[in-house]
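So the structure is just underneath, and the comments pick up after that.
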Amino acid sequence: MRARDNPFATHRLDAIPYQPQGETWETSLGRLETMGWRGAVVGPEGSGKTALLHDLAPRLEALGFTVRSFRLGGRDEALPKGVFERLAREASPRLFILLDGTEQLGARTLRRFLHSASSSGGLVVARHREGPLPTWVTCKTTPRLLRGLAKDLLGGDVDGIETLCGELFEAHCGNVRQALLDLYEI
């Protein structure tokens, strides 16, 4: 099997849509609106925060917002040069800012970013734990979620994988992404 054909290849994992837990997108967006379009997505690594922000962007655009997304971590450990000036220039009630990986920012830079985004119509940040914005969504994982994702990636063929998924879930302390990456090797 070629690496790119592996059902657990990275490009396939990146394409997994966010799996809402317990509420619909409509309910969740309604709650975000009541929060003044400002909130945090909180959860441990590998729990779906990035997938949620990725799937949130087109929903916000459908509501008439212009979305600017920033993702920190991996190769991008800092905000792009000139981001504060850009946000000040583009500030409007229709601008919605998504920031993934706030842990990469120092406290002073995070405060500056939040201040720069204060004139925007909305702001959602992803974090590992609660922070300066009220929690909008808490991402959680379960062995059942992992099994469901593995089943979807395998096209329903899950013979013998259910026990393995449970073991990988425990071994990675609930980090579904890491468990799925281990399935790539298996």
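Convention: chains lettered A, B, ... in structure tokens order; per-chain residue numbering from 1; ligands numbered from 1 as shown.
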
- Task: Find the residues near range 28-43 of chain A: any atom within 6 Å, counting only C-alpha atoms, skip ones fewer than 6 places away on the same chain, and give them as a ChimeraX atom specification.
- Result: /A:122-129,133-139

- Message: If you run DSSP on the backbone here, which positions in range 2-186 of chain A get alpha helix (DSSP H)? Please write them as a ChimeraX atom specification.
- Response: /A:10-14,25-34,49-62,83-90,107-116,143-153,161-171,176-185

- Which neighbours of range 78-95 of chain A fall inside 9 Å, counting only C-alpha atoms, when residues of the same chain fewer than 3 positions from it are skipped, and could you give them as a list of chain:residue names?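 Using only C-alpha atoms, the neighbours found are A:Gly64, A:Phe65, A:Thr66, A:Val67, A:Arg68, A:Phe70, A:Arg71, A:Leu72, A:Gly73, A:Arg75, A:Gln104, A:Leu105, A:Arg112, A:Phe113, A:Ser116, A:Ala117, A:Ser118, A:Ser119, A:Ser120, A:Gly121, A:Gly122, A:Leu123.
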
- range 176-179 of chain A: which residues within 9 Å, counting only C-alpha atoms, same-chain residues fewer than 3 positions away excluded, as an NGL selection string? :A and (13 or 45-48 or 141-143 or 145-146 or 165 or 168-169 or 171-173 or 182-184)

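For the residues A:Leu99, A:Leu180, A:Ile16, A:Ala3, ranking by smallest atom-to-atom distance to Ala57 in chain A using only C-alpha atoms places A:Leu99 first.
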
- Query: Looking only at the backbone, which of the residues in range 10-66 of chain A does DSSP tag as strand (DSSP E or B), as a PyMOL selection string?
  - Reply: chain A and resi 38-42+66

Could the residues in this selection be written to a file with N, CA and C atoms, as a PDB file, in the first residue's frame?
```pdb
ATOM      1  N   ARG A  38     -17.910  36.032  21.004  1.00  0.00           N
ATOM      2  CA  ARG A  38     -16.567  35.908  21.571  1.00  0.00           C
ATOM      3  C   ARG A  38     -16.529  34.741  22.533  1.00  0.00           C
ATOM      4  N   GLY A  39     -15.555  33.838  22.281  1.00  0.00           N
ATOM      5  CA  GLY A  39     -15.447  32.690  23.160  1.00  0.00           C
ATOM      6  C   GLY A  39     -14.217  31.863  22.866  1.00  0.00           C
ATOM      7  N   ALA A  40     -14.030  30.848  23.688  1.00  0.00           N
ATOM      8  CA  ALA A  40     -12.877  29.959  23.559  1.00  0.00           C
ATOM      9  C   ALA A  40     -13.341  28.533  23.335  1.00  0.00           C
ATOM     10  N   VAL A  41     -12.584  27.828  22.524  1.00  0.00           N
ATOM     11  CA  VAL A  41     -12.727  26.392  22.342  1.00  0.00           C
ATOM     12  C   VAL A  41     -11.615  25.791  23.190  1.00  0.00           C
ATOM     13  N   VAL A  42     -11.992  24.982  24.170  1.00  0.00           N
ATOM     14  CA  VAL A  42     -11.040  24.479  25.152  1.00  0.00           C
ATOM     15  C   VAL A  42     -11.002  22.959  25.101  1.00  0.00           C
ATOM     16  N   THR A  66     -16.522  38.102   7.384  1.00  0.00           N
ATOM     17  CA  THR A  66     -15.246  37.864   6.729  1.00  0.00           C
ATOM     18  C   THR A  66     -14.361  37.229   7.783  1.00  0.00           C
TER      19      THR A  66
END
```
